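A.B. asks: One structure follows; several queries about it will come next.
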Protein chains: 2
Amino acid sequence: MISKMSNKRQLKIIKVGGKIVEDPRTLKQLLTDFSEIKGNKVLVHGGGRSATALAEQLGMETQMVNGRRITDRNMLQVVTMVYGGLVNKNIVTGLQALDVNALGLTGADLNYMRSEKRPVKDVDYGYVGDVKEVNGAMLADLIEKGITPVLAPLTHDKKGNLLNTNADTIAAEAAKALAKFFDVKLVFCFEKKGVLANENDDESVIDHINQASFGKLVAEGVISGGMIPKLENSFDALKAGVDEVVITRADLIKDENSGTKIKL
Amino acid sequence: MISKMSNKRQLKIIKVGGKIVEDPRTLKQLLTDFSEIKGNKVLVHGGGRSATALAEQLGMETQMVNGRRITDRNMLQVVTMVYGGLVNKNIVTGLQALDVNALGLTGADLNYMRSEKRPVKDVDYGYVGDVKEVNGAMLADLIEKGITPVLAPLTHDKKGNLLNTNADTIAAEAAKALAKFFDVKLVFCFEKKGVLANENDDESVIDHINQASFGKLVAEGVISGGMIPKLENSFDALKAGVDEVVITRADLIKDENSGTKIKL
């Protein structure tokens with residue numbers, strides 16, 4: 001069997017959720033593990049729990065619809081402070097202490113990710129952005145210089161508004177745009193070691209999933225619920241040129257063989 | 001008279017205080033004016049009023065000593081959210097809407113400004129940093145690419161701690177480090193049109209001050225109070241290679257002739 005040949009360099013984009021980056025102990029372990037990953041890398045983070053906690057301290061109620069935060073003007077200020085400030089800068093500062101030359105970015109910084117406010121249909125999500133344009137060349141240029149972008153889940157409309165944008169989406173859109181310049185491996189971290197064959201057995205990680213086996217696993221009821229859109233988004237990223245998507249647990253990101261590997 | 005000749009390009013570093021950037025109307029005017037300044041530029045901002053307001057909403061008391069904020073661990077979180085998130089990202093987003101390719105930075109981002117926690121003498125200022133090292137070459141490289149850095153008043157110790165740092169200091173230290181690469185004009189904005197010959201006459205702006213006239217003006221009592229350290233810091237910057245320091249009002253930054261021009 002002939003391995004895939006490519007002149008492009010490797011790039012890992014790792015997305016971690018709020019739970020990991022908001023607890024100082026798990027954050028420290030994550031940053032240490034991340035710092036030990038060789039080569040080009042990007043970190044994408046959430047921060048929803050801290051946003052909800054700050055909103056509560058400020059007497060604001062958090063409303064979620066379909067797992068997404070309703071972002072009115074006050075909530076936009078909260079997520080700007082938490083995602084763009086607190087969480088992003090803590091990660092950048094922690095990585096710099098580990099000699100990773102991190103640079104925190106929202107989509108407005110360097111205009112690297114432009115979005116449009118989501119049209120109001122059944123639900124008015126408020127200041128939430130759907131990604132329209134990613135400046136992959138500019139991100140690639142930073143990465144080639146040895147810089148590690150740390151991406152907060154905020155975009156902008158280039159009309160003066162920041163917009164709240166799901167961190168999984170940020171990771172997938174950055175991965176697609178960077179696939180022109182690198183062989184991109186996109187790693188989504190969640191609370192399990194991978195996609196499980198048996199939801200009651202945390203060790204029953206499915207090694208590989210492709211489109212054919214995905215259809216079969218859904219038909220058999222092995223894959224269901226929130227994992228279906230996660231995998232559909234993964235296939236979208238692969239179709240757009242991303243080399244591989246991995247679903248794994250944050251404490252396993254150093255292990256090349258961990259998690260469920262998704263290919264077309 | 002022969003003008004000073006230099007092969008270096010021009011750079012303007014403009015520092016604006018919290019009052020201007022925290023009111024949406026004055027912010028909008030400032031960003032419009034700033035966007036119309038031709039050539040290389042850097043914006044440095046404060047944000048103290050918003051930090052104090054957020055702290056109050058969170059039930060925290062703000063303590064100031066000698067005009068500086070006592071920054072305990074909770075207050076550090078507040079200023080990280082406000083300076084690094086809310087204020088910085090609002091400015092960046094506003095500038096991008098005006099086609100200025102802004103990039104928001106704390107000292108941790110790209111490790112561009114390293115500081116050390118201020119030693120405790122009479123006062124324990126907490127997480128407050130004294131600047132030790134500025135990566136001028138890296139900032140210059142960004143500026144040469146047409147990027148406009150927007151600097152928040154936060155530095156880091158490269159050991160994992162962000163540190164609160166006065167915005168005037170950030171501006172002066174960035175100016176000194178960039179003076180190796182550019183002819184730097186450092187503009188401090190405050191509430192008056194410049195240094196006044198008569199404190200009761202807002203139009204009595206002193207055009208030029210040099211070290212000789214400064215001594216005379218202090219001896220005569222024309223310059224007193226908080227203006228003395230401001231001017232001393234200006235002379236320090238000039239001695240370190242900065243070309244000119246200007247003290248003016250934020251709504252006059254487009255006017256090359258506004259304010260008090262300070263030279264050695």
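As shown in the structure tokens, the chain order sets the letters A, B, ...; within each chain, residues go from 1, and ligands are also counted from 1 in the order they appear.
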If we count only C-alpha atoms, which residues of chain B reach to within 6 Å of chain A? Please list them as a PyMOL selection string.
C.D. replies: chain B and resi 80-81+84-86+93-94+96-97+101-103+108-110+158-160
A.B. asks: How about saving the chosen residues, C-alpha atoms kept, as a PDB file, in the first residue's frame?
C.D. replies:
```
ATOM      1  CA  THR B  80      -8.271  40.868  31.911  1.00  0.00           C
ATOM      2  CA  MET B  81     -11.922  40.733  30.876  1.00  0.00           C
ATOM      3  CA  GLY B  84      -8.091  42.357  27.046  1.00  0.00           C
ATOM      4  CA  GLY B  85     -11.663  41.512  26.057  1.00  0.00           C
ATOM      5  CA  LEU B  86     -14.331  44.190  26.090  1.00  0.00           C
ATOM      6  CA  THR B  93     -13.857  45.464  15.609  1.00  0.00           C
ATOM      7  CA  GLY B  94     -14.576  49.175  15.122  1.00  0.00           C
ATOM      8  CA  GLN B  96     -11.801  46.732  11.018  1.00  0.00           C
ATOM      9  CA  ALA B  97     -15.154  48.234   9.990  1.00  0.00           C
ATOM     10  CA  ASN B 101      -6.247  46.042   9.800  1.00  0.00           C
ATOM     11  CA  ALA B 102      -6.190  46.061  13.595  1.00  0.00           C
ATOM     12  CA  LEU B 103      -4.740  43.343  15.827  1.00  0.00           C
ATOM     13  CA  ALA B 108       1.443  37.906  26.475  1.00  0.00           C
ATOM     14  CA  ASP B 109       0.366  37.741  22.835  1.00  0.00           C
ATOM     15  CA  LEU B 110       3.493  36.973  20.797  1.00  0.00           C
ATOM     16  CA  LYS B 158       6.370  34.746  30.979  1.00  0.00           C
ATOM     17  CA  LYS B 159       5.808  32.545  34.007  1.00  0.00           C
ATOM     18  CA  GLY B 160       2.083  32.254  33.453  1.00  0.00           C
TER      19      GLY B 160
END
```
A.B. asks: Which residues are near Asp168 (chain B)? Cut-off 8 Å, only C-alpha atoms, ignore same chain within fewer than 2 positions. Put them as a PyMOL selection string.
C.D. replies: chain B and resi 15+166+170-172+188
A.B. asks: Save the residues we just selected, C-alpha atoms, as a short mmCIF file (atom, residue, chain, number, x, y, z; two decimals), in the first residue's frame?
C.D. replies:
```
data_model
loop_
_atom_site.label_atom_id
_atom_site.label_comp_id
_atom_site.auth_asym_id
_atom_site.auth_seq_id
_atom_site.Cartn_x
_atom_site.Cartn_y
_atom_site.Cartn_z
CA LYS B 15 -2.51 56.61 23.64
CA ASN B 166 -0.47 51.46 33.13
CA ILE B 170 2.73 50.59 27.65
CA ALA B 171 2.73 53.45 25.12
CA ALA B 172 6.11 54.82 26.23
CA PHE B 188 -0.65 61.19 24.74
#
```
A.B. asks: Run DSSP on the backbone and give me the residues of region 18-84 of chain B it puts in alpha helix (DSSP H), as a PyMOL selection string.
C.D. replies: chain B and resi 18-22+24-36+48-57+73-79
A.B. asks: Just the residues within 7 Å of Arg249 (chain A), please, counting only C-alpha atoms, with nothing from its chain fewer than 6 positions along; format it as a list in words.
C.D. replies: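 The residues satisfying every condition are Cys189, Phe190, Glu191, Lys192, Lys193 and Gly194 of chain A.
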A.B. asks: Need to verify the contact set: Asp72 (chain A), 9 Å, only C-alpha atoms, exclusion of same-chain residues closer than 6 positions in sequence. Can you return it as a list of chain:residue names?
C.D. replies: A:Tyr125, A:Gly126, A:Tyr127, A:Val128
A.B. asks: Any chance you could export the current selection's C-alpha atoms as a PDB file, in the first residue's frame?
C.D. replies:
```pdb
ATOM      1  CA  TYR A 125     -30.278  34.015  18.468  1.00  0.00           C
ATOM      2  CA  GLY A 126     -29.261  37.664  18.634  1.00  0.00           C
ATOM      3  CA  TYR A 127     -25.601  38.530  18.059  1.00  0.00           C
ATOM      4  CA  VAL A 128     -24.629  35.128  16.705  1.00  0.00           C
TER       5      VAL A 128
END
```
A.B. asks: Leaving out Asn7 (chain B) and any residue of its chain fewer than 4 positions from it, which residues lie within 12 Å of it when counting only C-alpha atoms, given as a ChimeraX atom specification?
C.D. replies: /B:180-183
A.B. asks: Would you output that residue set with N, CA and C atoms, as a JSON list (two decimals), in the first residue's frame?
C.D. replies:
```json
[["chain", "number", "residue", "atom", "x", "y", "z"],
["B", 180, "LYS", "N", 13.89, 52.11, 17.28],
["B", 180, "LYS", "CA", 15.00, 51.52, 16.51],
["B", 180, "LYS", "C", 14.60, 51.31, 15.06],
["B", 181, "PHE", "N", 13.31, 51.25, 14.79],
["B", 181, "PHE", "CA", 12.83, 50.87, 13.46],
["B", 181, "PHE", "C", 12.10, 51.99, 12.73],
["B", 182, "PHE", "N", 11.61, 52.97, 13.48],
["B", 182, "PHE", "CA", 10.81, 54.05, 12.92],
["B", 182, "PHE", "C", 11.19, 55.38, 13.57],
["B", 183, "ASP", "N", 10.86, 56.47, 12.87],
["B", 183, "ASP", "CA", 10.83, 57.78, 13.53],
["B", 183, "ASP", "C", 9.51, 57.85, 14.27]]
```
A.B. asks: Quick one: residues within 10 Å of region 221-223 of chain B, only C-alpha atoms, excluding same-chain residues fewer than 3 positions away - as a PyMOL selection string?
C.D. replies: chain B and resi 195-199+214-218+226-228+231
A.B. asks: For C-alpha atoms, I'd like the residues from the last selection saved as a PDB file, in the first residue's frame.
C.D. replies:
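Output file out_8.pdb is given in full below:
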```pdb
ATOM      1  CA  VAL B 195      -0.066  71.713  28.469  1.00  0.00           C
ATOM      2  CA  LEU B 196      -1.626  75.014  29.556  1.00  0.00           C
ATOM      3  CA  ALA B 197       0.256  78.221  30.406  1.00  0.00           C
ATOM      4  CA  ASN B 198      -2.758  79.250  32.482  1.00  0.00           C
ATOM      5  CA  GLU B 199      -4.802  76.460  34.042  1.00  0.00           C
ATOM      6  CA  PHE B 214      10.477  72.561  31.286  1.00  0.00           C
ATOM      7  CA  GLY B 215      12.802  73.447  34.177  1.00  0.00           C
ATOM      8  CA  LYS B 216      11.796  77.082  33.892  1.00  0.00           C
ATOM      9  CA  LEU B 217       8.041  76.301  33.735  1.00  0.00           C
ATOM     10  CA  VAL B 218       8.272  74.076  36.818  1.00  0.00           C
ATOM     11  CA  GLY B 226       0.500  65.204  37.728  1.00  0.00           C
ATOM     12  CA  MET B 227       1.849  66.990  34.667  1.00  0.00           C
ATOM     13  CA  ILE B 228       5.409  66.836  36.040  1.00  0.00           C
ATOM     14  CA  LEU B 231       6.603  65.309  31.116  1.00  0.00           C
TER      15      LEU B 231
END
```
A.B. asks: Just want the 7 Å neighbourhood of region 208-212 of chain B, counted on only C-alpha atoms, with same-chain residues fewer than 5 positions away dropped. Output as JSON, numbers by chain.
C.D. replies: {"B": [260, 261, 262, 263, 264]}
A.B. asks: Okay, now the selection with C-alpha atoms, as a CSV table (one decimal), in the first residue's frame?
C.D. replies:
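And here's selection35.csv as it stands now:
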```csv
chain,number,residue,atom,x,y,z
B,260,THR,CA,2.1,70.7,23.1
B,261,LYS,CA,5.1,69.3,21.2
B,262,ILE,CA,7.9,68.0,23.5
B,263,LYS,CA,11.4,67.6,22.3
B,264,LEU,CA,14.7,67.3,24.1
```
A.B. asks: With distances taken over only C-alpha atoms, which of A:Ala167, A:Met75, A:Ile20, A:Ala175 is nearest to Val42 (chain A)?
C.D. replies: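 Of all the options, A:Ala175 lies closest to Val42 (chain A).
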A.B. asks: I'd like to know which residues of region 9-239 of chain A are strand (DSSP E or B) (by DSSP, run on the backbone); could you write them as JSON, numbers by chain?
C.D. replies: {"A": [9, 10, 11, 12, 13, 14, 15, 16, 40, 41, 42, 43, 44, 45, 64, 65, 68, 69, 71, 102, 103, 104, 105, 113, 114, 115, 116, 117, 126, 128, 129, 130, 131, 132, 133, 134, 148, 149, 150, 151, 154, 155, 156, 162, 163, 164, 182, 183, 184, 185, 186, 187, 188, 189, 190, 196, 205, 208, 209]}
A.B. asks: With only C-alpha atoms as the basis for distance, which of B:Val242, B:Ile143, B:Ile14, B:Leu151 is at the shortest distance from Gly39 (chain B)?
C.D. replies: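 When distances to Gly39 (chain B) are compared using only C-alpha atoms, the smallest one comes from B:Ile143.
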A.B. asks: Could you please determine the separation between CA of Ser213 (chain B) and CA of Phe235 (chain B) in Å, to one decimal place?
C.D. replies: 12.3 Å
A.B. asks: Please measure the separation of CA of Ser115 (chain B) and CA of Ala174 (chain B), giving the value in Å to one decimal.
C.D. replies: 12.7 Å
